[in-house]
>>> print(open('upload-v4.tsv').read())   # TSV, C-alpha atoms
chain	number	residue	atom	x	y	z
S	1	MET	CA	-45.06	-46.25	-18.61
S	2	THR	CA	-46.41	-45.88	-15.04
S	3	THR	CA	-45.81	-43.32	-12.36
S	4	PRO	CA	-44.43	-44.27	-8.93
S	5	GLN	CA	-48.09	-44.31	-7.79
S	6	GLY	CA	-48.87	-46.90	-10.47
S	7	HIS	CA	-51.02	-44.63	-12.71
S	8	LEU	CA	-50.69	-45.36	-16.40
S	9	VAL	CA	-49.48	-42.28	-18.27
S	10	THR	CA	-50.58	-41.90	-21.86
S	11	ASP	CA	-48.55	-40.26	-24.62
S	12	GLN	CA	-50.98	-37.34	-24.56
S	13	GLU	CA	-50.44	-36.81	-20.82
S	14	ARG	CA	-46.72	-37.00	-21.20
S	15	GLY	CA	-46.68	-34.03	-23.55
S	16	ASP	CA	-43.08	-33.10	-24.22
S	17	ALA	CA	-41.85	-36.45	-22.83
S	18	VAL	CA	-42.32	-37.92	-26.32
S	19	ASP	CA	-40.99	-36.00	-29.32
S	20	PRO	CA	-42.80	-35.98	-32.67
S	21	ASP	CA	-40.76	-38.99	-33.84
S	22	GLY	CA	-41.96	-41.18	-30.94
S	23	GLN	CA	-38.65	-41.01	-29.06
S	24	GLU	CA	-38.73	-40.41	-25.30
S	25	THR	CA	-37.32	-37.08	-24.14
S	26	ASP	CA	-36.52	-35.61	-20.77
S	27	PRO	CA	-39.73	-33.97	-19.44
S	28	GLN	CA	-37.58	-31.74	-17.22
S	29	GLN	CA	-35.89	-30.08	-20.26
S	30	PRO	CA	-38.64	-28.64	-22.48
S	31	ARG	CA	-36.74	-25.36	-22.93
S	32	ARG	CA	-33.76	-27.15	-24.36
S	33	SER	CA	-36.01	-28.75	-26.95
S	34	LEU	CA	-37.52	-25.35	-27.73
S	35	GLY	CA	-34.02	-23.92	-27.98
S	36	ARG	CA	-33.06	-26.63	-30.44
S	37	ARG	CA	-36.13	-25.82	-32.49
S	38	ILE	CA	-35.24	-22.12	-32.48
S	39	VAL	CA	-31.65	-22.85	-33.44
S	40	ARG	CA	-32.90	-25.10	-36.23
S	41	ALA	CA	-35.24	-22.37	-37.46
S	42	VAL	CA	-32.50	-19.76	-37.29
S	43	GLY	CA	-30.23	-22.10	-39.16
S	44	TRP	CA	-32.73	-22.45	-41.98
S	45	ALA	CA	-33.31	-18.69	-42.01
S	46	GLY	CA	-29.57	-18.04	-41.98
S	47	ALA	CA	-29.04	-20.45	-44.84
S	48	GLY	CA	-31.76	-18.66	-46.76
S	49	LEU	CA	-30.21	-15.27	-46.05
S	50	VAL	CA	-26.78	-16.47	-47.12
S	51	GLY	CA	-28.35	-17.79	-50.29
S	52	LEU	CA	-29.96	-14.42	-50.98
S	53	LEU	CA	-26.66	-12.65	-50.33
S	54	VAL	CA	-24.85	-14.95	-52.74
S	55	VAL	CA	-27.47	-14.29	-55.39
S	56	ALA	CA	-27.30	-10.51	-54.76
S	57	VAL	CA	-23.50	-10.45	-55.00
S	58	GLY	CA	-23.56	-12.55	-58.16
S	59	LEU	CA	-26.25	-10.43	-59.81
S	60	THR	CA	-24.46	-7.20	-58.88
S	61	ALA	CA	-21.20	-8.54	-60.32
S	62	ILE	CA	-23.02	-9.29	-63.58
S	63	LEU	CA	-24.54	-5.80	-63.71
S	64	ASP	CA	-21.15	-4.23	-62.98
S	65	ALA	CA	-19.64	-6.25	-65.83
S	66	VAL	CA	-22.42	-5.11	-68.17
S	67	ASP	CA	-21.73	-1.49	-67.22
S	68	ARG	CA	-18.02	-1.96	-67.90
S	69	ARG	CA	-18.83	-3.14	-71.42
S	70	GLN	CA	-21.56	-0.64	-72.21
S	71	VAL	CA	-20.34	2.49	-70.40
S	72	GLN	CA	-17.00	3.42	-71.89
S	73	ALA	CA	-14.48	6.07	-70.87
S	74	PRO	CA	-14.93	9.15	-73.08
S	75	GLY	CA	-11.32	10.25	-72.68
S	76	GLU	CA	-7.84	8.78	-72.72
S	77	LEU	CA	-6.67	6.01	-70.41
S	78	VAL	CA	-2.99	6.70	-69.79
S	79	GLU	CA	-0.58	4.49	-67.88
S	80	LEU	CA	1.34	6.14	-65.06
S	81	ALA	CA	4.89	5.20	-64.16
S	82	ASP	CA	3.70	2.79	-61.45
S	83	GLY	CA	1.42	0.95	-63.90
S	84	ARG	CA	-1.88	2.43	-62.78
S	85	VAL	CA	-4.33	3.78	-65.35
S	86	LEU	CA	-5.59	7.36	-65.12
S	87	HIS	CA	-8.57	8.64	-67.11
S	88	LEU	CA	-8.34	12.16	-68.59
S	89	ASP	CA	-11.07	13.56	-70.84
S	90	VAL	CA	-9.70	16.32	-73.10
S	91	ALA	CA	-12.21	18.57	-74.86
S	92	GLY	CA	-11.81	21.78	-76.86
S	93	PRO	CA	-12.53	23.50	-80.14
S	94	ASP	CA	-10.89	20.59	-81.96
S	95	GLY	CA	-10.53	18.20	-79.02
S	96	ALA	CA	-6.76	18.71	-78.97
S	97	PRO	CA	-4.59	20.31	-76.27
S	98	ASP	CA	-3.15	22.95	-78.63
S	99	ALA	CA	-6.44	23.83	-80.35
S	100	ALA	CA	-7.16	26.94	-78.28
S	101	GLY	CA	-4.01	28.82	-79.23
S	102	GLU	CA	-2.43	30.89	-76.48
S	103	ARG	CA	-5.15	30.48	-73.87
S	104	PRO	CA	-4.26	28.29	-70.90
S	105	THR	CA	-5.77	24.84	-70.62
S	106	VAL	CA	-8.47	24.54	-67.96
S	107	VAL	CA	-8.15	21.50	-65.67
S	108	LEU	CA	-11.20	20.42	-63.64
S	109	GLU	CA	-10.73	18.79	-60.21
S	110	ALA	CA	-13.87	17.19	-58.73
S	111	GLY	CA	-14.88	17.14	-55.09
S	112	ALA	CA	-15.10	14.02	-52.93
S	113	GLY	CA	-17.44	11.52	-54.54
S	114	GLY	CA	-17.31	13.34	-57.87
S	115	THR	CA	-15.89	12.23	-61.20
S	116	ALA	CA	-15.02	13.80	-64.54
S	117	ALA	CA	-18.66	13.28	-65.51
S	118	THR	CA	-19.80	15.64	-62.74
S	119	PHE	CA	-18.25	18.51	-64.70
S	120	ALA	CA	-20.12	17.76	-67.94
S	121	TRP	CA	-22.04	21.06	-68.13
S	122	LEU	CA	-19.05	23.21	-67.16
S	123	GLN	CA	-16.68	21.34	-69.47
S	124	ALA	CA	-19.03	21.81	-72.42
S	125	GLU	CA	-19.35	25.56	-71.73
S	126	LEU	CA	-15.60	26.11	-71.40
S	127	ALA	CA	-14.63	23.87	-74.32
S	128	GLU	CA	-16.05	26.50	-76.67
S	129	HIS	CA	-13.30	28.85	-75.52
S	130	THR	CA	-10.26	26.75	-74.70
S	131	THR	CA	-9.00	23.23	-74.10
S	132	VAL	CA	-10.54	21.64	-70.99
S	133	VAL	CA	-9.37	18.52	-69.14
S	134	ALA	CA	-11.67	16.69	-66.73
S	135	TYR	CA	-10.21	13.65	-65.04
S	136	ASP	CA	-10.94	10.89	-62.54
S	137	ARG	CA	-8.76	10.72	-59.43
S	138	ALA	CA	-7.36	7.38	-58.34
S	139	GLY	CA	-10.16	4.93	-57.56
S	140	TYR	CA	-12.90	7.06	-59.11
S	141	GLY	CA	-14.60	6.68	-62.46
S	142	PHE	CA	-12.38	4.92	-64.97
S	143	SER	CA	-9.09	5.39	-63.06
S	144	ASP	CA	-7.34	2.62	-61.15
S	145	ALA	CA	-7.18	2.74	-57.37
S	146	ASP	CA	-3.90	3.48	-55.59
S	147	ASP	CA	-2.89	1.08	-52.83
S	148	ALA	CA	-0.64	3.69	-51.22
S	149	PRO	CA	-1.95	5.83	-48.34
S	150	LEU	CA	-4.03	8.76	-49.54
S	151	ASP	CA	-2.52	12.25	-49.45
S	152	ALA	CA	-2.92	15.46	-51.44
S	153	ALA	CA	0.69	15.48	-52.69
S	154	SER	CA	0.24	12.09	-54.41
S	155	THR	CA	-3.01	13.28	-55.97
S	156	ALA	CA	-1.24	16.34	-57.40
S	157	GLU	CA	1.61	14.15	-58.65
S	158	ASP	CA	-0.84	11.83	-60.46
S	159	LEU	CA	-2.46	14.79	-62.20
S	160	HIS	CA	0.87	16.35	-63.15
S	161	GLU	CA	2.06	13.09	-64.70
S	162	GLY	CA	-1.25	12.46	-66.44
S	163	LEU	CA	-1.34	15.94	-67.99
S	164	GLY	CA	2.11	15.37	-69.46
S	165	LEU	CA	0.97	12.08	-70.97
S	166	VAL	CA	-1.90	13.78	-72.85
S	167	GLY	CA	0.32	16.61	-74.06
S	168	VAL	CA	-0.63	19.31	-71.56
S	169	ASP	CA	2.61	20.79	-70.26
S	170	GLY	CA	1.21	24.13	-69.15
S	171	PRO	CA	0.15	26.74	-68.42
S	172	VAL	CA	-3.12	25.62	-66.83
S	173	VAL	CA	-5.97	27.21	-64.92
S	174	LEU	CA	-7.15	24.82	-62.23
S	175	VAL	CA	-10.86	24.75	-61.36
S	176	GLY	CA	-11.46	22.77	-58.18
S	177	HIS	CA	-14.77	22.04	-56.48
S	178	SER	CA	-15.00	21.42	-52.72
S	179	LEU	CA	-12.18	19.04	-51.71
S	180	GLY	CA	-10.96	19.29	-55.31
S	181	ALA	CA	-10.24	22.98	-54.64
S	182	GLY	CA	-7.89	21.88	-51.86
S	183	TYR	CA	-6.11	19.50	-54.22
S	184	ALA	CA	-5.85	22.35	-56.74
S	185	ARG	CA	-4.13	24.53	-54.14
S	186	VAL	CA	-1.62	21.77	-53.41
S	187	PHE	CA	-0.97	21.34	-57.15
S	188	ALA	CA	-0.32	25.10	-57.49
S	189	ALA	CA	2.11	25.03	-54.55
S	190	SER	CA	3.87	21.93	-55.91
S	191	TYR	CA	4.08	22.96	-59.60
S	192	PRO	CA	3.92	26.78	-59.60
S	193	GLU	CA	5.62	27.05	-62.99
S	194	GLN	CA	2.69	25.23	-64.61
S	195	VAL	CA	-0.23	27.11	-63.01
S	196	ALA	CA	-1.56	30.38	-64.45
S	197	GLY	CA	-4.69	30.74	-62.29
S	198	LEU	CA	-7.05	29.12	-59.80
S	199	VAL	CA	-10.84	28.97	-59.50
S	200	LEU	CA	-12.01	27.55	-56.17
S	201	LEU	CA	-15.68	26.52	-56.21
S	202	ASP	CA	-17.27	26.39	-52.75
S	203	PRO	CA	-13.89	25.15	-51.51
S	204	VAL	CA	-12.89	23.30	-48.39
S	205	HIS	CA	-10.88	25.30	-45.86
S	206	GLU	CA	-8.23	23.88	-43.56
S	207	ALA	CA	-9.93	25.43	-40.51
S	208	GLN	CA	-13.48	24.39	-41.32
S	209	LEU	CA	-13.77	21.48	-38.87
S	210	ASP	CA	-12.80	23.79	-36.02
S	211	GLU	CA	-14.85	26.76	-37.19
S	212	LEU	CA	-18.01	24.77	-37.86
S	213	GLY	CA	-17.78	23.11	-34.47
S	214	PRO	CA	-18.89	19.79	-32.92
S	215	GLU	CA	-21.88	19.30	-35.21
S	216	GLU	CA	-19.65	19.27	-38.28
S	217	ARG	CA	-17.30	16.75	-36.69
S	218	ALA	CA	-20.24	14.58	-35.63
S	219	SER	CA	-21.59	14.72	-39.19
S	220	LEU	CA	-18.18	13.72	-40.57
S	221	GLU	CA	-17.91	10.81	-38.13
S	222	GLU	CA	-21.38	9.60	-39.13
S	223	ALA	CA	-20.42	9.78	-42.80
S	224	GLN	CA	-17.19	7.89	-42.10
S	225	GLU	CA	-19.12	5.11	-40.33
S	226	GLN	CA	-21.66	4.82	-43.13
S	227	LEU	CA	-19.06	4.85	-45.88
S	228	ALA	CA	-17.04	2.17	-44.09
S	229	VAL	CA	-19.75	-0.38	-44.96
S	230	ALA	CA	-20.70	1.20	-48.29
S	231	PRO	CA	-18.39	-1.02	-50.42
S	232	PHE	CA	-20.02	-4.14	-48.93
S	233	LEU	CA	-23.48	-2.74	-49.58
S	234	ALA	CA	-22.44	-1.83	-53.12
S	235	ARG	CA	-21.51	-5.46	-53.77
S	236	LEU	CA	-25.03	-6.42	-52.72
S	237	GLY	CA	-26.49	-3.97	-55.21
S	238	VAL	CA	-28.02	-1.75	-52.51
S	239	PHE	CA	-27.10	1.47	-54.30
S	240	ARG	CA	-28.49	0.21	-57.57
S	241	LEU	CA	-31.84	-0.18	-55.81
S	242	SER	CA	-31.79	2.93	-53.63
S	243	ASP	CA	-29.95	5.10	-56.22
S	244	PRO	CA	-28.87	7.83	-53.73
S	245	GLN	CA	-27.46	10.02	-56.53
S	246	ALA	CA	-30.52	9.87	-58.78
S	247	ASP	CA	-30.98	13.65	-58.62
S	248	VAL	CA	-27.40	14.24	-59.72
S	249	VAL	CA	-27.68	11.74	-62.55
S	250	ALA	CA	-30.95	13.29	-63.75
S	251	ALA	CA	-29.45	16.80	-63.70
S	252	LEU	CA	-26.43	15.90	-65.86
S	253	PRO	CA	-26.47	15.38	-69.65
S	254	GLU	CA	-27.72	11.86	-70.41
S	255	GLU	CA	-24.39	10.22	-71.30
S	256	ALA	CA	-22.52	11.91	-68.46
S	257	GLY	CA	-25.28	10.96	-66.02
S	258	GLU	CA	-25.05	7.34	-67.11
S	259	ARG	CA	-21.27	7.35	-66.60
S	260	HIS	CA	-21.65	8.89	-63.15
S	261	ARG	CA	-24.35	6.38	-62.18
S	262	ALA	CA	-22.39	3.38	-63.45
S	263	LYS	CA	-19.27	4.31	-61.49
S	264	SER	CA	-20.79	5.76	-58.32
S	265	VAL	CA	-22.74	2.59	-57.41
S	266	THR	CA	-19.70	0.29	-57.49
S	267	ALA	CA	-17.70	-0.95	-54.51
S	268	GLY	CA	-14.61	0.73	-55.96
S	269	GLY	CA	-16.30	4.12	-56.22
S	270	MET	CA	-17.64	3.86	-52.68
S	271	ARG	CA	-14.22	2.80	-51.42
S	272	ALA	CA	-12.56	5.85	-52.99
S	273	TYR	CA	-15.21	8.18	-51.54
S	274	GLY	CA	-14.91	6.58	-48.12
S	275	ALA	CA	-11.12	6.86	-48.16
S	276	GLU	CA	-11.29	10.60	-48.78
S	277	MET	CA	-13.85	11.14	-46.05
S	278	GLN	CA	-11.83	9.03	-43.62
S	279	ALA	CA	-8.69	11.04	-44.37
S	280	LEU	CA	-10.40	14.45	-44.54
S	281	PRO	CA	-8.94	15.92	-41.31
S	282	GLU	CA	-5.41	14.93	-42.40
S	283	LEU	CA	-6.01	16.18	-45.96
S	284	LEU	CA	-7.21	19.57	-44.72
S	285	GLU	CA	-4.13	19.88	-42.50
S	286	GLU	CA	-1.86	18.92	-45.41
S	287	ILE	CA	-3.52	21.45	-47.73
S	288	GLY	CA	-2.94	24.30	-45.29
S	289	ARG	CA	0.59	23.20	-44.45
S	290	THR	CA	1.65	22.82	-48.10
S	291	GLU	CA	0.36	26.23	-49.11
S	292	ALA	CA	1.89	27.89	-46.05
S	293	ALA	CA	5.29	26.55	-47.09
S	294	ALA	CA	5.02	28.12	-50.57
S	295	ALA	CA	6.78	31.35	-51.41
S	296	GLU	CA	3.48	33.26	-51.62
S	297	PRO	CA	-0.24	32.46	-51.34
S	298	PHE	CA	-1.62	30.61	-54.37
S	299	SER	CA	1.83	30.94	-55.98
S	300	GLY	CA	0.98	34.54	-56.82
S	301	VAL	CA	-1.48	33.69	-59.62
S	302	PRO	CA	-4.95	35.25	-60.13
S	303	VAL	CA	-7.61	33.49	-58.06
S	304	ARG	CA	-11.40	33.41	-57.98
S	305	VAL	CA	-13.09	32.03	-54.87
S	306	ILE	CA	-16.77	31.33	-55.59
S	307	SER	CA	-19.27	30.50	-52.83
S	308	ALA	CA	-22.68	28.89	-53.16
S	309	GLY	CA	-25.33	31.28	-51.87
S	310	THR	CA	-27.61	28.67	-50.32
S	311	GLY	CA	-27.00	25.66	-48.10
S	312	GLU	CA	-27.72	22.08	-49.05
S	313	GLU	CA	-30.76	20.28	-47.65
S	314	GLY	CA	-30.29	19.76	-43.92
S	315	ALA	CA	-27.51	22.32	-43.59
S	316	SER	CA	-28.04	25.21	-41.19
S	317	PRO	CA	-27.88	28.85	-42.34
S	318	GLU	CA	-25.15	29.35	-39.75
S	319	SER	CA	-22.91	26.72	-41.35
S	320	ARG	CA	-23.38	28.32	-44.77
S	321	ALA	CA	-22.48	31.73	-43.32
S	322	THR	CA	-19.38	30.26	-41.67
S	323	MET	CA	-18.18	28.69	-44.93
S	324	ALA	CA	-18.74	31.97	-46.80
S	325	SER	CA	-16.64	33.73	-44.18
S	326	LEU	CA	-13.85	31.17	-44.60
S	327	HIS	CA	-14.02	31.65	-48.37
S	328	ARG	CA	-13.58	35.39	-47.95
S	329	GLU	CA	-10.58	34.69	-45.74
S	330	LEU	CA	-9.03	32.62	-48.53
S	331	ALA	CA	-9.52	35.44	-51.03
S	332	ASP	CA	-8.06	37.99	-48.58
S	333	ARG	CA	-4.74	36.14	-48.58
S	334	SER	CA	-3.74	37.49	-51.98
S	335	PRO	CA	-4.18	40.83	-53.77
S	336	ALA	CA	-4.68	38.80	-56.94
S	337	ALA	CA	-7.71	36.97	-55.47
S	338	ALA	CA	-11.39	37.91	-55.48
S	339	HIS	CA	-14.46	36.42	-53.81
S	340	SER	CA	-17.98	36.18	-55.27
S	341	VAL	CA	-21.26	34.41	-54.50
S	342	ILE	CA	-23.74	32.70	-56.82
S	343	ASP	CA	-26.86	33.42	-54.83
S	344	ARG	CA	-29.28	30.73	-55.97
S	345	ALA	CA	-26.73	27.93	-56.16
S	346	ASP	CA	-25.98	25.32	-53.52
S	347	HIS	CA	-22.79	23.31	-53.09
S	348	LEU	CA	-23.53	20.76	-55.81
S	349	SER	CA	-25.79	22.72	-58.14
S	350	LEU	CA	-22.78	24.90	-59.00
S	351	LEU	CA	-21.86	22.00	-61.28
S	352	VAL	CA	-24.96	19.98	-62.09
S	353	GLU	CA	-27.51	22.73	-62.79
S	354	PRO	CA	-26.90	24.13	-66.29
S	355	ALA	CA	-27.76	27.72	-65.36
S	356	HIS	CA	-25.38	27.69	-62.39
S	357	ALA	CA	-22.63	25.98	-64.39
S	358	GLU	CA	-23.03	28.73	-67.00
S	359	GLU	CA	-22.43	31.39	-64.33
S	360	VAL	CA	-19.34	29.53	-63.13
S	361	ALA	CA	-18.10	29.28	-66.72
S	362	ALA	CA	-18.44	33.05	-67.12
S	363	GLU	CA	-16.23	33.56	-64.05
S	364	VAL	CA	-13.62	31.14	-65.41
S	365	ILE	CA	-13.62	32.85	-68.81
S	366	HIS	CA	-13.09	36.24	-67.14
S	367	LEU	CA	-10.09	34.77	-65.35
S	368	LEU	CA	-8.76	33.32	-68.62
S	369	ASP	CA	-8.99	36.77	-70.19
S	370	GLU	CA	-7.11	38.25	-67.23
S	371	VAL	CA	-4.39	35.63	-67.48
S	372	HIS	CA	-4.18	36.09	-71.24
S	373	GLY	CA	-3.89	39.86	-70.74
S	374	ARG	CA	-0.86	39.33	-68.54
>>> encode(input="upload-v4.tsv", output="structure tokens")
Amino acid sequence: MTTPQGHLVTDQERGDAVDPDGQETDPQQPRRSLGRRIVRAVGWAGAGLVGLLVVAVGLTAILDAVDRRQVQAPGELVELADGRVLHLDVAGPDGAPDAAGERPTVVLEAGAGGTAATFAWLQAELAEHTTVVAYDRAGYGFSDADDAPLDAASTAEDLHEGLGLVGVDGPVVLVGHSLGAGYARVFAASYPEQVAGLVLLDPVHEAQLDELGPEERASLEEAQEQLAVAPFLARLGVFRLSDPQADVVAALPEEAGERHRAKSVTAGGMRAYGAEMQALPELLEEIGRTEAAAAEPFSGVPVRVISAGTGEEGASPESRATMASLHRELADRSPAAAHSVIDRADHLSLLVEPAHAEEVAAEVIHLLDEVHGR
């Protein structure tokens, strides 16, 4: 090819005018060629990423299936009226609901993200004295998810029905941790004839989002955003690799820790946790409203409100002091309630550290003796 001036132009001088396959290209459009090369490269990279994602999802599905076969529910899987399965683990002197004689049955209600396995130390301590039921709420552990909108009344209804199916008709002492303490309060207001006492472990309070201020709300919003994508990440096996609850698993008895690990890393477990965090403001409002509508605070039964003495990592001393103040306010609502603090414990160690769980068990046993004395 020659220029208008008649100079012969070689392939080398033409540069981008000839592509690597010897085909002529437009020398005025080198960027478009570069763009096509970038798009092609991105396409290959994208295909590779998609391939990796497919492999990750497939491998995670296999590992989840292995866990389902190897990690079995320790308790009973009962079918509720709507067809869902609820897992309740009954323990006691003889493992039977009537084995403890006249003492009330203790029912353990976990906090958000917790399962029956989280109560392993406390359940073992209390089972030497009376029948103890730990269970998995809908979507957690070995229990089926509920497609209906989440609310505290439905959670209490599930537990009430499940207890009847394993032969526990009452009376019961409810021990609730964190959000589980709120569910326990709703259960007591909804089924007062079945409840003999309440133990609220570092409980939620309906006013806490307002009292703790903007930082608490910002922290909740951040958690809600993170948990919104957690089920997707769980399907990729991210939580099997990062193992965010490794400390909890290590602190629990070996079998209970394995059950907690197997169920907490799944998409279903993350979805249940995310749903509770997403609905937390509404749940807190419902808890306060339901109890306010009852004839008397805590249905008039003996109550122990137990606070952790230290804050979790990253929590400010001010927030811990605010929660302790709210806990005292709860106890002040009833002459049958008392407030105490386990100084060295934090929010979660109340359950997963054996020494702290032993202190909690002592408080529960004192309440059982009080109820029995009545």
>>> residues_near_point(input="upload-v4.tsv", point="(5.9, 22.7, -54.3)", cutoff="9 Å", atoms="all atoms listed in the file", output="ChimeraX atom specification")
/S:186-192,290-291,293-294
>>> closest_residue(input="upload-v4.tsv", among="S:Ala153, S:Val301, S:Leu280, S:Ala355", to="S:Ala112", atoms="all atoms listed in the file")
S:Leu280
>>> closest_residue(input="upload-v4.tsv", among="S:Phe142, S:Phe298, S:Trp121, S:Phe239", to="S:Gly75", atoms="all atoms listed in the file")
S:Phe142
>>> atom_distance(input="upload-v4.tsv", atom1="atom CA of S:Leu233", atom2="atom CA of S:Glu221")
18.6 Å
>>> closest_residue(input="upload-v4.tsv", among="S:Pro104, S:Gly268, S:Pro74, S:Gly111", to="S:Ala91", atoms="all atoms listed in the file")
S:Pro74
>>> residues_around(input="upload-v4.tsv", residues="stretch 271-275 of chain S", least_positions_apart="3", cutoff="8 Å", atoms="only C-alpha atoms", output="MDAnalysis selection string")
chainID S and resid 112:113 138:140 145 150 224 227:228 230:231 267:268 278:279
>>> atom_distance(input="upload-v4.tsv", atom1="atom CA of S:Pro297", atom2="atom CA of S:Thr115")
27.4 Å
>>> residues_around(input="upload-v4.tsv", residues="stretch 341-350 of chain S", least_positions_apart="6", cutoff="9 Å", atoms="only C-alpha atoms", output="PDB file with C-alpha atoms, keeping the file's coordinate frame")
ATOM      1  CA  HIS S 177     -14.770  22.040 -56.480  1.00  0.00           C
ATOM      2  CA  SER S 178     -15.000  21.420 -52.720  1.00  0.00           C
ATOM      3  CA  LEU S 201     -15.680  26.520 -56.210  1.00  0.00           C
ATOM      4  CA  ASP S 202     -17.270  26.390 -52.750  1.00  0.00           C
ATOM      5  CA  VAL S 248     -27.400  14.240 -59.720  1.00  0.00           C
ATOM      6  CA  ALA S 251     -29.450  16.800 -63.700  1.00  0.00           C
ATOM      7  CA  VAL S 305     -13.090  32.030 -54.870  1.00  0.00           C
ATOM      8  CA  ILE S 306     -16.770  31.330 -55.590  1.00  0.00           C
ATOM      9  CA  SER S 307     -19.270  30.500 -52.830  1.00  0.00           C
ATOM     10  CA  ALA S 308     -22.680  28.890 -53.160  1.00  0.00           C
ATOM     11  CA  GLY S 309     -25.330  31.280 -51.870  1.00  0.00           C
ATOM     12  CA  THR S 310     -27.610  28.670 -50.320  1.00  0.00           C
ATOM     13  CA  GLY S 311     -27.000  25.660 -48.100  1.00  0.00           C
ATOM     14  CA  GLU S 312     -27.720  22.080 -49.050  1.00  0.00           C
ATOM     15  CA  ALA S 324     -18.740  31.970 -46.800  1.00  0.00           C
ATOM     16  CA  HIS S 356     -25.380  27.690 -62.390  1.00  0.00           C
ATOM     17  CA  ALA S 357     -22.630  25.980 -64.390  1.00  0.00           C
ATOM     18  CA  GLU S 358     -23.030  28.730 -67.000  1.00  0.00           C
ATOM     19  CA  GLU S 359     -22.430  31.390 -64.330  1.00  0.00           C
ATOM     20  CA  VAL S 360     -19.340  29.530 -63.130  1.00  0.00           C
TER      21      VAL S 360
END
>>> atom_distance(input="upload-v4.tsv", atom1="atom CA of S:Asp136", atom2="atom CA of S:His87")
5.6 Å
>>> closest_residue(input="upload-v4.tsv", among="S:Met277, S:Met270, S:Ser154, S:His160", to="S:Arg217", atoms="only C-alpha atoms")
S:Met277
>>> closest_residue(input="upload-v4.tsv", among="S:Leu200, S:Ala207, S:Val195, S:Ala134", to="S:Ser340", atoms="only C-alpha atoms")
S:Leu200
>>> closest_residue(input="upload-v4.tsv", among="S:Ala246, S:Gly176, S:Ala148, S:Thr155", to="S:Val133", atoms="only C-alpha atoms")
S:Gly176
>>> axis_aligned_box(input="upload-v4.tsv", around="stretch 115-118 of chain S", padding_each_side="6 Å", output="lines of an AutoDock Vina configuration file")
center_x = -17.4
center_y = 13.9
center_z = -63.4
size_x = 16.8
size_y = 15.4
size_z = 16.3
>>> residues_near_point(input="upload-v4.tsv", point="(-14.1, 38.2, -51.1)", cutoff="8 Å", atoms="all atoms listed in the file", output="mmCIF file with C-alpha atoms, in the frame of the given file")
data_model
loop_
_atom_site.group_PDB
_atom_site.id
_atom_site.type_symbol
_atom_site.label_atom_id
_atom_site.label_comp_id
_atom_site.auth_asym_id
_atom_site.auth_seq_id
_atom_site.Cartn_x
_atom_site.Cartn_y
_atom_site.Cartn_z
ATOM 1 C CA VAL S 305 -13.090 32.030 -54.870
ATOM 2 C CA HIS S 327 -14.020 31.650 -48.370
ATOM 3 C CA ARG S 328 -13.580 35.390 -47.950
ATOM 4 C CA GLU S 329 -10.580 34.690 -45.740
ATOM 5 C CA LEU S 330 -9.030 32.620 -48.530
ATOM 6 C CA ALA S 331 -9.520 35.440 -51.030
ATOM 7 C CA ASP S 332 -8.060 37.990 -48.580
ATOM 8 C CA ALA S 337 -7.710 36.970 -55.470
ATOM 9 C CA ALA S 338 -11.390 37.910 -55.480
ATOM 10 C CA HIS S 339 -14.460 36.420 -53.810
ATOM 11 C CA SER S 340 -17.980 36.180 -55.270
#
